[in-house]
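model39.txt, holding compact mmCIF, C-alpha atoms and all ligand atoms:
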```txt
# COMPACT_ATOMS: atom_id res chain seq x y z
CA MET V 15 -14.38 4.34 29.41
CA GLU V 16 -11.68 1.81 28.49
CA ARG V 17 -12.21 0.95 24.84
CA LEU V 18 -12.06 -2.84 25.32
CA ALA V 19 -13.85 -2.98 28.68
CA GLY V 20 -15.40 -6.42 29.15
CA THR V 21 -14.07 -7.77 25.84
CA ARG V 22 -12.84 -11.35 25.94
CA VAL V 23 -9.77 -11.74 23.77
CA LEU V 24 -8.14 -15.03 22.85
CA LEU V 25 -4.49 -14.17 22.22
CA GLY V 26 -2.69 -16.86 20.23
CA VAL V 27 1.10 -16.71 20.14
CA SER V 28 3.00 -18.86 17.67
CA GLY V 29 6.70 -19.62 17.45
CA GLY V 30 8.64 -16.80 15.88
CA ILE V 31 11.12 -14.32 17.30
CA ALA V 32 8.34 -11.70 17.26
CA ALA V 33 6.66 -13.69 20.05
CA TYR V 34 8.36 -11.35 22.52
CA LYS V 35 6.24 -8.48 21.19
CA ALA V 36 3.10 -10.46 22.07
CA ALA V 37 3.78 -9.59 25.71
CA LEU V 38 3.32 -5.92 24.84
CA VAL V 39 0.14 -6.77 22.93
CA ALA V 40 -1.16 -8.53 26.06
CA ARG V 41 -0.29 -5.52 28.20
CA LEU V 42 -1.99 -3.08 25.83
CA LEU V 43 -5.09 -5.29 25.66
CA VAL V 44 -5.27 -5.53 29.44
CA GLY V 45 -4.67 -1.78 29.69
CA ALA V 46 -7.63 -1.23 27.37
CA GLY V 47 -9.84 -3.25 29.73
CA ALA V 48 -9.87 -6.63 27.93
CA ARG V 49 -9.87 -10.05 29.56
CA VAL V 50 -7.06 -11.90 27.84
CA ASP V 51 -6.63 -15.67 27.60
CA THR V 52 -3.29 -16.56 26.09
CA VAL V 53 -2.54 -19.76 24.22
CA LEU V 54 1.02 -20.41 23.09
CA THR V 55 2.20 -22.98 20.60
CA ARG V 56 5.07 -25.20 21.66
CA GLY V 57 7.30 -23.21 19.32
CA ALA V 58 6.26 -19.95 20.97
CA GLU V 59 7.18 -21.38 24.35
CA ARG V 60 10.79 -21.62 23.19
CA PHE V 61 10.78 -17.84 22.64
CA ILE V 62 8.70 -16.63 25.59
CA GLY V 63 7.27 -18.28 28.69
CA VAL V 64 3.70 -18.69 29.92
CA THR V 65 4.67 -16.96 33.16
CA THR V 66 5.12 -13.66 31.35
CA PHE V 67 1.56 -13.79 30.01
CA GLU V 68 0.12 -15.00 33.29
CA GLY V 69 1.80 -12.12 35.08
CA ILE V 70 0.50 -9.57 32.58
CA THR V 71 -3.03 -10.90 32.13
CA GLY V 72 -3.66 -12.29 35.62
CA ARG V 73 -5.11 -15.42 33.98
CA PRO V 74 -3.73 -18.85 33.11
CA ALA V 75 -1.74 -19.01 29.87
CA ARG V 76 -1.74 -22.41 28.23
CA VAL V 77 0.17 -24.55 25.75
CA GLU V 78 -1.10 -28.10 26.06
CA VAL V 79 -4.46 -29.48 25.08
CA TRP V 80 -4.10 -32.22 27.70
CA GLU V 81 -4.52 -29.95 30.72
CA ASP V 82 -7.88 -29.13 32.35
CA VAL V 83 -9.56 -31.89 30.32
CA PRO V 84 -12.80 -31.88 32.37
CA THR V 85 -13.33 -28.19 31.59
CA ASP V 86 -13.05 -28.79 27.85
CA THR V 87 -10.40 -26.13 27.56
CA HIS V 88 -9.73 -27.04 23.94
CA VAL V 89 -13.16 -25.72 22.92
CA ALA V 90 -14.07 -23.54 25.91
CA LEU V 91 -11.41 -20.89 25.20
CA GLY V 92 -12.56 -20.41 21.62
CA ARG V 93 -16.24 -20.47 22.49
CA SER V 94 -15.93 -17.84 25.17
CA ALA V 95 -13.90 -15.34 23.11
CA ASP V 96 -15.35 -12.19 21.50
CA VAL V 97 -12.34 -11.88 19.22
CA ALA V 98 -9.19 -13.92 18.59
CA LEU V 99 -5.82 -12.44 17.67
CA VAL V 100 -2.89 -14.59 16.57
CA TYR V 101 0.23 -12.52 17.10
CA PRO V 102 2.65 -13.40 15.66
CA ALA V 103 1.24 -15.88 13.15
CA THR V 104 4.02 -18.01 11.66
CA ALA V 105 3.89 -19.58 8.19
CA HIS V 106 3.30 -22.94 9.87
CA THR V 107 0.40 -21.68 11.98
CA LEU V 108 -1.20 -19.97 8.96
CA ALA V 109 -0.90 -23.26 7.04
CA LYS V 110 -2.50 -25.20 9.87
CA LEU V 111 -5.35 -22.70 10.19
CA ALA V 112 -5.95 -22.73 6.42
CA ALA V 113 -6.09 -26.52 6.38
CA GLY V 114 -8.14 -26.83 9.57
CA PHE V 115 -5.58 -28.77 11.59
CA ALA V 116 -6.31 -29.27 15.28
CA ASP V 117 -3.09 -30.67 16.67
CA ASP V 118 -2.52 -28.31 19.57
CA LEU V 119 -4.45 -26.06 21.92
CA LEU V 120 -4.23 -22.96 19.70
CA THR V 121 -5.57 -24.67 16.57
CA THR V 122 -8.33 -26.54 18.42
CA SER V 123 -9.36 -23.31 20.16
CA LEU V 124 -9.51 -21.43 16.87
CA LEU V 125 -11.53 -24.19 15.20
CA ALA V 126 -14.04 -23.91 18.03
CA ALA V 127 -14.07 -20.11 17.95
CA GLY V 128 -17.13 -18.56 16.34
CA CYS V 129 -15.74 -15.07 16.84
CA PRO V 130 -13.80 -12.89 14.37
CA VAL V 131 -10.18 -13.94 13.96
CA ILE V 132 -7.28 -11.58 13.25
CA VAL V 133 -3.84 -12.87 12.29
CA ALA V 134 -0.61 -10.88 12.28
CA PRO V 135 1.86 -12.82 10.09
CA ALA V 136 5.59 -12.70 10.83
CA MET V 137 8.25 -14.63 8.94
CA HIS V 138 11.21 -14.23 6.60
CA THR V 139 10.42 -12.62 3.27
CA GLU V 140 11.00 -15.83 1.27
CA MET V 141 8.49 -17.69 3.42
CA TRP V 142 5.93 -14.89 3.15
CA GLU V 143 6.29 -14.75 -0.63
CA HIS V 144 6.19 -18.53 -1.13
CA PRO V 145 3.16 -19.62 -3.18
CA ALA V 146 2.12 -21.97 -0.37
CA THR V 147 1.90 -19.09 2.14
CA ARG V 148 0.19 -16.85 -0.40
CA HIS V 149 -2.38 -19.54 -0.99
CA ASN V 150 -2.95 -20.12 2.72
CA VAL V 151 -3.38 -16.40 3.38
CA GLU V 152 -5.87 -16.14 0.54
CA VAL V 153 -7.84 -19.11 1.88
CA LEU V 154 -7.97 -17.48 5.31
CA ARG V 155 -9.02 -14.12 3.86
CA GLN V 156 -11.82 -15.68 1.89
CA ARG V 157 -12.96 -17.34 5.07
CA GLY V 158 -13.25 -13.90 6.66
CA VAL V 159 -10.04 -13.93 8.67
CA HIS V 160 -8.52 -10.45 8.97
CA VAL V 161 -4.89 -10.45 7.88
CA LEU V 162 -2.93 -7.61 9.47
CA GLY V 163 0.36 -6.87 7.76
CA PRO V 164 3.13 -7.90 7.72
CA ASP V 165 5.20 -4.75 7.74
CA THR V 166 8.40 -4.23 5.83
CA GLY V 167 11.55 -3.77 7.92
CA PRO V 168 14.43 -5.47 9.69
CA LEU V 169 13.97 -9.22 10.25
CA MET V 170 15.90 -11.75 12.32
CA GLY V 171 19.50 -12.46 11.32
CA GLY V 172 20.11 -9.05 9.70
CA ASP V 173 17.60 -9.58 6.86
CA GLU V 174 15.28 -6.83 5.74
CA GLY V 175 12.01 -6.92 3.79
CA PRO V 176 8.33 -7.79 4.07
CA GLY V 177 7.65 -10.16 6.95
CA ARG V 178 8.02 -8.06 10.08
CA VAL V 179 5.10 -8.35 12.45
CA ILE V 180 2.78 -5.34 12.60
CA ALA V 181 3.31 -3.08 15.65
CA PRO V 182 1.53 -4.11 18.88
CA GLU V 183 -0.44 -0.82 18.93
CA VAL V 184 -1.72 -1.47 15.40
CA ALA V 185 -2.83 -4.98 16.37
CA VAL V 186 -4.69 -3.67 19.41
CA ASP V 187 -6.34 -0.94 17.30
CA ALA V 188 -7.53 -3.68 14.94
CA VAL V 189 -9.00 -5.64 17.85
CA ALA V 190 -10.86 -2.49 18.92
CA GLU V 191 -12.11 -1.90 15.37
CA VAL V 192 -13.43 -5.46 15.10
CA VAL V 193 -15.14 -5.19 18.45
CA ALA V 194 -16.60 -1.75 17.68
CA GLY V 195 -17.87 -2.28 14.19
CA GLY V 196 -17.47 -5.92 13.32
CA SER V 197 -15.08 -5.10 10.49
CA VAL V 198 -11.40 -4.39 10.46
CA ARG V 199 -9.24 -2.52 8.07
CA ASP V 200 -7.55 -5.31 6.17
CA VAL V 201 -4.10 -3.71 6.19
CA ALA V 202 -2.67 -4.27 2.74
CA PRO V 203 0.21 -6.59 3.45
CA ALA V 204 3.64 -5.81 2.10
CA GLY V 205 4.43 -7.84 -0.99
CA GLN V 206 0.98 -9.40 -1.33
CA ALA V 207 -2.03 -7.68 -2.76
CA SER V 208 -5.32 -8.50 -1.09
CA THR V 209 -7.43 -9.91 -3.88
CA ALA V 210 -10.41 -10.36 -1.60
CA GLU V 211 -10.61 -6.66 -0.86
CA ALA V 212 -8.32 -4.88 -3.30
CA ARG V 213 -7.53 -1.32 -2.27
CA PRO V 214 -7.81 1.36 -4.90
CA ARG V 215 -4.38 2.28 -6.25
CA ASP V 216 -5.67 5.65 -7.35
CA LEU V 217 -2.72 7.52 -5.81
CA ALA V 218 -0.05 5.35 -7.47
CA GLY V 219 3.16 7.33 -7.84
CA VAL V 220 1.67 10.57 -6.46
CA ARG V 221 4.19 12.38 -4.24
CA MET V 222 2.58 13.56 -1.07
CA LEU V 223 3.68 15.45 2.03
CA VAL V 224 1.69 14.86 5.20
CA THR V 225 2.31 16.73 8.43
CA ALA V 226 1.05 15.31 11.70
CA GLY V 227 1.20 15.68 15.47
CA GLY V 228 1.45 18.70 17.71
CA THR V 229 4.53 20.92 17.61
CA ARG V 230 6.40 21.72 20.82
CA GLU V 231 7.81 25.17 21.44
CA PRO V 232 10.59 25.12 24.05
CA ILE V 233 10.48 27.34 27.12
CA ASP V 234 13.62 25.90 28.67
CA PRO V 235 15.46 22.54 28.34
CA VAL V 236 12.63 20.65 30.11
CA ARG V 237 9.45 22.60 29.36
CA PHE V 238 7.53 23.44 26.25
CA LEU V 239 4.27 24.89 24.97
CA GLY V 240 2.34 22.11 23.31
CA ASN V 241 -1.14 20.95 22.39
CA ARG V 242 -3.30 17.84 22.60
CA SER V 243 -2.77 16.51 19.09
CA SER V 244 -1.72 12.82 19.15
CA GLY V 245 -0.91 12.60 15.44
CA LYS V 246 -3.46 9.82 14.87
CA MET V 247 -5.36 11.56 12.06
CA GLY V 248 -2.22 12.54 10.14
CA PHE V 249 -0.60 9.12 10.59
CA ALA V 250 -3.83 7.46 9.37
CA LEU V 251 -3.80 9.70 6.29
CA ALA V 252 -0.18 8.86 5.56
CA GLU V 253 -0.87 5.15 6.00
CA VAL V 254 -3.96 5.03 3.80
CA ALA V 255 -2.33 7.21 1.12
CA ALA V 256 0.66 4.84 1.00
CA GLU V 257 -1.71 1.86 0.77
CA ARG V 258 -3.31 3.57 -2.21
CA GLY V 259 0.07 3.87 -3.90
CA ALA V 260 1.26 7.38 -2.96
CA GLU V 261 4.91 8.11 -2.18
CA VAL V 262 4.38 9.65 1.23
CA THR V 263 6.75 11.71 3.33
CA LEU V 264 5.36 12.18 6.82
CA ILE V 265 6.72 15.21 8.66
CA ALA V 266 5.90 14.30 12.21
CA ALA V 267 5.88 16.46 15.30
CA PRO V 268 6.51 14.37 18.46
CA SER V 269 4.20 11.34 18.46
CA ALA V 270 4.40 7.90 20.02
CA LEU V 271 2.82 6.31 16.94
CA PRO V 272 4.74 3.81 14.82
CA THR V 273 5.73 4.82 11.30
CA PRO V 274 3.10 3.46 8.88
CA PRO V 275 4.38 0.83 6.43
CA GLY V 276 5.98 2.23 3.29
CA VAL V 277 6.03 5.83 4.58
CA THR V 278 9.19 7.98 4.87
CA ARG V 279 9.15 9.75 8.23
CA VAL V 280 10.94 12.97 9.13
CA ASP V 281 10.76 13.86 12.81
CA VAL V 282 10.58 17.50 13.87
CA THR V 283 9.83 19.24 17.16
CA THR V 284 8.98 22.90 16.59
CA ALA V 285 6.81 24.81 14.11
CA LEU V 286 9.94 26.41 12.63
CA GLU V 287 11.51 23.00 12.04
CA MET V 288 8.30 21.76 10.44
CA HIS V 289 8.20 24.87 8.25
CA ASP V 290 11.77 24.31 7.07
CA GLU V 291 11.27 20.59 6.37
CA VAL V 292 8.08 21.24 4.39
CA PHE V 293 9.65 23.93 2.24
CA ALA V 294 12.82 21.87 1.70
CA ARG V 295 10.78 18.97 0.32
CA LEU V 296 8.40 20.63 -2.12
CA ALA V 297 10.04 19.45 -5.35
CA GLY V 298 7.68 17.24 -7.34
CA VAL V 299 5.07 17.19 -4.59
CA GLU V 300 1.49 17.05 -5.90
CA VAL V 301 -0.45 16.90 -2.65
CA ILE V 302 0.20 18.45 0.78
CA VAL V 303 -1.94 17.45 3.74
CA LYS V 304 -1.45 19.68 6.78
CA ALA V 305 -2.92 17.62 9.57
CA ALA V 306 -0.40 18.87 12.14
CA ALA V 307 -1.51 21.07 14.99
CA VAL V 308 1.07 23.81 14.62
CA ALA V 309 1.64 26.20 17.50
CA ASP V 310 0.64 29.70 16.41
CA PHE V 311 3.12 31.27 18.85
CA ARG V 312 6.47 30.33 20.38
CA PRO V 313 8.45 31.77 23.29
CA ASP V 314 10.64 34.56 21.95
CA THR V 315 13.68 32.94 23.54
CA ALA V 316 14.10 29.53 25.09
CA ALA V 317 16.16 29.59 28.29
CA THR V 318 19.32 27.50 27.95
CA SER V 319 19.20 26.47 31.62
CA LYS V 320 16.20 25.17 33.50
CA LEU V 321 14.10 27.99 34.96
CA LYS V 322 14.21 27.70 38.75
CA LYS V 323 11.16 28.15 40.93
CA ASP V 324 13.04 30.38 43.37
CA ALA V 325 13.50 32.96 40.61
CA GLY V 326 9.72 33.54 40.68
CA ALA V 327 7.09 33.15 38.00
CA PRO V 328 8.67 33.74 34.60
CA THR V 329 7.20 36.10 32.05
CA ILE V 330 7.15 34.35 28.70
CA GLU V 331 7.15 36.66 25.71
CA LEU V 332 5.47 34.99 22.71
CA VAL V 333 6.16 35.70 19.05
CA PRO V 334 4.14 34.41 16.08
CA ASN V 335 5.18 31.32 14.16
CA PRO V 336 4.91 31.29 10.38
CA ASP V 337 1.57 29.91 9.17
CA ILE V 338 2.84 27.06 7.01
CA LEU V 339 -0.46 26.34 5.29
CA ALA V 340 -1.17 30.01 4.52
CA GLU V 341 2.37 30.40 3.14
CA LEU V 342 1.88 27.36 0.91
CA GLY V 343 -1.45 28.75 -0.26
CA ALA V 344 0.04 32.18 -1.03
CA ARG V 345 3.06 30.72 -2.80
CA ARG V 346 0.85 28.74 -5.18
CA GLU V 347 -0.61 31.99 -6.49
CA GLY V 348 -3.80 30.54 -7.92
CA ALA V 349 -2.18 27.44 -9.44
CA ASP V 350 -3.99 24.20 -8.69
CA ARG V 351 -0.87 22.23 -7.71
CA PRO V 352 0.06 21.09 -5.20
CA VAL V 353 -3.40 20.22 -3.94
CA LEU V 354 -3.56 21.73 -0.45
CA VAL V 355 -5.52 20.12 2.34
CA GLY V 356 -5.81 21.96 5.63
CA PHE V 357 -7.33 21.02 8.95
CA ALA V 358 -9.21 23.20 11.34
CA ALA V 359 -10.09 22.63 14.95
CA GLU V 360 -13.22 24.60 15.81
CA THR V 361 -15.58 24.77 18.75
CA ASP V 362 -18.20 27.32 17.61
CA ASP V 363 -20.11 27.86 14.38
CA VAL V 364 -17.95 25.18 12.84
CA GLU V 365 -18.95 25.50 9.16
CA ALA V 366 -18.74 29.28 8.92
CA ALA V 367 -15.41 29.35 10.75
CA GLY V 368 -14.14 26.58 8.45
CA ARG V 369 -15.19 28.42 5.27
CA THR V 370 -13.42 31.58 6.40
CA LYS V 371 -10.27 29.63 7.23
CA LEU V 372 -10.33 27.77 3.89
CA VAL V 373 -10.33 31.06 1.99
CA ARG V 374 -7.87 32.81 4.31
CA LYS V 375 -5.31 30.01 3.98
CA GLY V 376 -5.79 29.45 0.25
CA ALA V 377 -6.46 25.71 0.67
CA ASP V 378 -8.42 23.46 -1.71
CA LEU V 379 -9.94 21.29 0.97
CA LEU V 380 -10.42 21.86 4.67
CA VAL V 381 -11.17 19.11 7.14
CA VAL V 382 -13.05 20.72 10.01
CA ASN V 383 -13.05 18.99 13.38
CA ASP V 384 -15.55 19.90 16.01
CA VAL V 385 -13.17 19.52 18.92
CA SER V 386 -15.86 20.15 21.52
CA ALA V 387 -17.11 16.51 21.12
CA ALA V 388 -15.52 13.80 23.29
CA ASP V 389 -15.48 11.06 20.67
CA ALA V 390 -13.92 13.11 17.89
CA GLY V 391 -10.81 15.22 17.45
CA PHE V 392 -7.93 14.98 19.87
CA GLU V 393 -6.35 11.74 21.13
CA VAL V 394 -9.20 9.39 20.15
CA ASP V 395 -9.32 6.80 17.34
CA THR V 396 -12.54 8.11 15.86
CA ASN V 397 -13.43 11.33 14.20
CA ARG V 398 -16.46 13.17 12.85
CA VAL V 399 -15.61 15.88 10.37
CA LEU V 400 -17.00 18.30 7.88
CA LEU V 401 -15.04 18.32 4.63
CA LEU V 402 -15.21 21.65 2.81
CA ASP V 403 -14.17 22.21 -0.78
CA ARG V 404 -13.01 25.57 -2.10
CA ASP V 405 -15.65 25.31 -4.86
CA GLY V 406 -18.38 25.36 -2.23
CA GLY V 407 -18.81 21.59 -1.79
CA ARG V 408 -19.33 20.04 1.63
CA VAL V 409 -19.37 16.46 2.88
CA ASP V 410 -20.49 15.52 6.36
CA VAL V 411 -18.52 12.52 7.54
CA PRO V 412 -20.26 10.89 10.51
CA LEU V 413 -18.36 9.25 13.36
CA ARG V 414 -15.86 6.86 11.77
CA SER V 415 -12.42 5.47 12.51
CA LYS V 416 -9.67 7.90 11.58
CA HIS V 417 -8.63 5.48 8.81
CA GLU V 418 -12.08 5.66 7.27
CA VAL V 419 -12.08 9.46 7.54
CA ALA V 420 -8.67 9.42 5.84
CA GLY V 421 -10.22 7.41 2.99
CA VAL V 422 -12.94 10.02 2.47
CA VAL V 423 -10.41 12.90 2.49
CA LEU V 424 -8.21 11.07 -0.01
CA ASP V 425 -11.21 10.42 -2.28
CA ALA V 426 -11.68 14.20 -2.43
CA VAL V 427 -7.96 14.66 -3.13
CA VAL V 428 -8.13 12.16 -6.01
CA ALA V 429 -11.14 14.01 -7.43
CA ARG V 430 -9.16 17.28 -7.42
CA LEU V 431 -6.09 15.62 -8.96
CA HIS V 432 -8.29 14.53 -11.84
CA GLY V 433 -9.52 18.09 -12.21
N1 LIG V 501 -1.29 25.68 10.38
C1 LIG V 501 -0.05 25.89 9.84
N2 LIG V 501 0.84 26.72 10.48
C2 LIG V 501 0.48 27.36 11.62
C3 LIG V 501 -0.80 27.15 12.17
C4 LIG V 501 -1.67 26.31 11.54
O1 LIG V 501 0.26 25.32 8.80
N3 LIG V 501 1.36 28.14 12.20
C5 LIG V 501 -2.24 24.82 9.66
C6 LIG V 501 -2.60 23.56 10.39
O2 LIG V 501 -1.72 22.50 10.04
C7 LIG V 501 -4.01 23.30 9.89
C8 LIG V 501 -4.56 24.67 9.62
O3 LIG V 501 -3.43 25.51 9.52
O4 LIG V 501 -4.01 22.60 8.66
C9 LIG V 501 -5.53 25.23 10.64
O5 LIG V 501 -5.03 25.40 11.91
P1 LIG V 501 -5.89 26.15 13.05
O6 LIG V 501 -5.07 26.08 14.30
O7 LIG V 501 -7.27 25.61 13.10
O8 LIG V 501 -5.95 27.62 12.46
P2 LIG V 501 -5.35 28.95 12.94
O9 LIG V 501 -4.77 29.64 11.75
O10 LIG V 501 -4.43 28.76 14.07
O11 LIG V 501 -6.64 29.76 13.35
P3 LIG V 501 -7.34 29.92 14.80
O12 LIG V 501 -6.40 29.34 15.82
O13 LIG V 501 -7.50 31.40 14.92
O14 LIG V 501 -8.63 29.21 14.67
```

Could you render the structure from this file as structure tokens?
Ligand code: CTP
Amino acid sequence: MERLAGTRVLLGVSGGIAAYKAALVARLLVGAGARVDTVLTRGAERFIGVTTFEGITGRPARVEVWEDVPTDTHVALGRSADVALVYPATAHTLAKLAAGFADDLLTTSLLAAGCPVIVAPAMHTEMWEHPATRHNVEVLRQRGVHVLGPDTGPLMGGDEGPGRVIAPEVAVDAVAEVVAGGSVRDVAPAGQASTAEARPRDLAGVRMLVTAGGTREPIDPVRFLGNRSSGKMGFALAEVAAERGAEVTLIAAPSALPTPPGVTRVDVTTALEMHDEVFARLAGVEVIVKAAAVADFRPDTAATSKLKKDAGAPTIELVPNPDILAELGARREGADRPVLVGFAAETDDVEAAGRTKLVRKGADLLVVNDVSAADAGFEVDTNRVLLLDRDGGRVDVPLRSKHEVAGVVLDAVVARLHG
């Protein structure tokens, strides 16, 4: 089922250059089954038109409070929403929301909205770091508003720093999290610590390698052997570890996911490339998390030209890939650093298979996924895992978002780092 089926989203768009990305947010929300009512500020309208949102959502998009007066649009939109997302939220809009202004359709709608509100700030770094904005964000947080981001990265006019709006996919994930559980991960914004819900900084300065995604093993220039891994679990681990202060390098097999804030990403395609990147980056690394689904075998040779159908069904000779995790385990020779975290995808007798794999690969922790369940494992945002410890410990993690599962895994890593 679509994850936002039947959800009524009020999408507020305020006037920053990032307003163009709000069109993608609208499309992703609609694609997830949501009913989306868009309200633009007058500033937003200078960056992007109502027609775009009307075309995408199939519903009226509005700017003025003076239209549809008999239908009480200025309160009706807020009242009928299950969740409101302001994307992007400018410094000015955040200030108005903090102070309770109601001088346009977006602010009146949000004052009338009893639903959870998510804001995705976007502005130049100086504006984000100004004490006035810090104060307004804190006021909103204490009022229960979820503040998503901003990211650090390129800004308008060639600037770079904290202030870039969070990726559309991340915003839509947050909407889904709010709708599913009533609480959203309050993404630690760049340059501003969340005092309302301070994240532990228990991985401060710890160098960590995380691998994620599914490797692709080429058959010819257009075909490959692959697997169903989306990279979501590994990306979530990298993101949460960075939020907790780790210096994270994410070695990513092909994945459509955006790079988490503060994480260094190295893209690879094949198991051999992943192997080489991992072993080239071991210096000073204290924790390695192998969330990637690595192909166990690859075609012996990849054809340099596309295999043609007329040549008949090809015979593909497979050869084994190196087992990166097992090699890391063997190389450590009983030492307790780096801490090694493996993953296992199992369908039968999950715990026993996991225990055997933990020992065979020489890992400290093994996160075992039961990939036979539809709501856990591949491609979905949730996971249910069994966390095994080489000292015999086990933790059952019930169905949670992959970010929450990442938190539990990292708690176990921290415990091992402290001996
Ligand atoms: N892994 C690895 N290199 C490989 C294969 C797997 O580093 N060539 C790592 C994965 O990143 C994961 C763990 O090993 O952390 C378990 O992978 P899994 O596919 O479950 O184990 P396999 O060794 O392939 O065992 P099997 O397929 O027989 O269950």

Item to complete: Residues up to 9 Å from ligand LIG 501 (chain V), counting all atoms listed in the file: could you list those as an MDAnalysis selection string?
Response: chainID V and resid 225:226 285:286 288:289 303:311 334:342 355:360 367:368 371:372 374:375 377 380:383

Practice prompt. Please provide as number ranges by chain all residues within 12 Å of Pro328 in chain V, with the sequence filter that same-chain residues fewer than 5 positions apart are discarded (counting all atoms listed in the file).
Written response: V: 233-234, 313, 316-317, 320-323

Item to complete: Do a neighbour search on Leu251 in chain V at 9 Å with only C-alpha atoms, toss out local chain neighbours closer than 5 positions, and write the hits as an NGL selection string.
Response: :V and (224 or 246 or 256 or 303 or 305 or 416-417 or 419-421 or 423-424)

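Interatomic distance, CA of Asp117 in chain V against CA of His88 in chain V: 10.5 Å.
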
Range 281-283 of chain V environment, 6 Å, all atoms listed in the file, sequence neighbours closer than 5 positions dropped, as a PDB file with C-alpha atoms, in the coordinates of the input:
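This went into result_23.pdb:
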```pdb
ATOM      1  CA  THR V 229       4.530  20.920  17.610  1.00  0.00           C
ATOM      2  CA  ARG V 230       6.400  21.720  20.820  1.00  0.00           C
ATOM      3  CA  ILE V 265       6.720  15.210   8.660  1.00  0.00           C
ATOM      4  CA  ALA V 266       5.900  14.300  12.210  1.00  0.00           C
ATOM      5  CA  ALA V 267       5.880  16.460  15.300  1.00  0.00           C
ATOM      6  CA  MET V 288       8.300  21.760  10.440  1.00  0.00           C
TER       7      MET V 288
END
```

Practice prompt. Choose the residue, out of V:Ala48, V:Leu413, V:Cys129, V:Ala36, that has the smallest atom-to-atom separation from Glu16 in chain V; count all atoms listed in the file.
Written response: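 The answer is V:Ala48, which sits nearest to Glu16 in chain V.
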
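The interatomic distance for the pair CA of Glu261 in chain V and CA of Ala218 in chain V works out to 7.8 Å.
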
Worksheet item: Between V:Ile330, V:Ile70, V:Val422, V:Val192, which is the closest to Val254 in chain V once you count all atoms listed in the file?
Response: V:Val422

Practice prompt. In the coordinates of the file, take the point (9.4, -16.9, 24.4) and a cut-off of 12 Å; then, counting all atoms listed in the file, name each qualifying protein, DNA or RNA residue as an MDAnalysis selection string.
Written response: chainID V and resid 27:37 54:67 102

List the spatial neighbours of Ala109 in chain V as a PDB file with C-alpha atoms, in the frame of the given file - criterion: any atom at most 8 Å away, all atoms listed in the file, same-chain residues fewer than 3 positions off excluded.
```pdb
ATOM      1  CA  ALA V 105       3.890 -19.580   8.190  1.00  0.00           C
ATOM      2  CA  HIS V 106       3.300 -22.940   9.870  1.00  0.00           C
ATOM      3  CA  ALA V 112      -5.950 -22.730   6.420  1.00  0.00           C
ATOM      4  CA  ALA V 113      -6.090 -26.520   6.380  1.00  0.00           C
ATOM      5  CA  THR V 147       1.900 -19.090   2.140  1.00  0.00           C
ATOM      6  CA  ASN V 150      -2.950 -20.120   2.720  1.00  0.00           C
TER       7      ASN V 150
END
```

Worksheet entry | CA of Asp187 in chain V to CA of Glu140 in chain V, straight-line distance in Å |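 Atom-to-atom, CA of Glu140 in chain V and CA of Asp187 in chain V are spaced 27.9 Å apart.
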
Worksheet item: Got a sec: who's within 12 Å of Val100 in chain V, counting only C-alpha atoms, leaving out chain neighbours fewer than 5 positions off, as a PyMOL selection string?
Response: chain V and resi 23-30+32-33+35-36+39-40+51-55+58+105+107-108+111+120-121+123-124+130-136+159-162+179-180+182+185-186+188-189

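Restricting the calculation to all atoms listed in the file, the smallest distance between Gly167 in chain V and any of V:Pro232, V:Pro275, V:Gly114, V:Gly92 is found for V:Pro275.
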
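When only C-alpha atoms are used to compute distances to Leu431 in chain V, the closest of the residues V:Pro352, V:Pro214, V:Gly406, V:Gly171 turns out to be V:Pro352.
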
Worksheet item: Which residue gives the smallest distance to Leu18 in chain V among V:Pro164, V:Gly298, V:Gly69, V:Gly47, with all atoms listed in the file counted?
Response: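 Smallest separation from Leu18 in chain V among the options: V:Gly47.
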
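Taking only C-alpha atoms into account, Leu354 in chain V lies nearest to V:Met222 out of the set V:Met222, V:Gly433, V:Gly407, V:Ala260.
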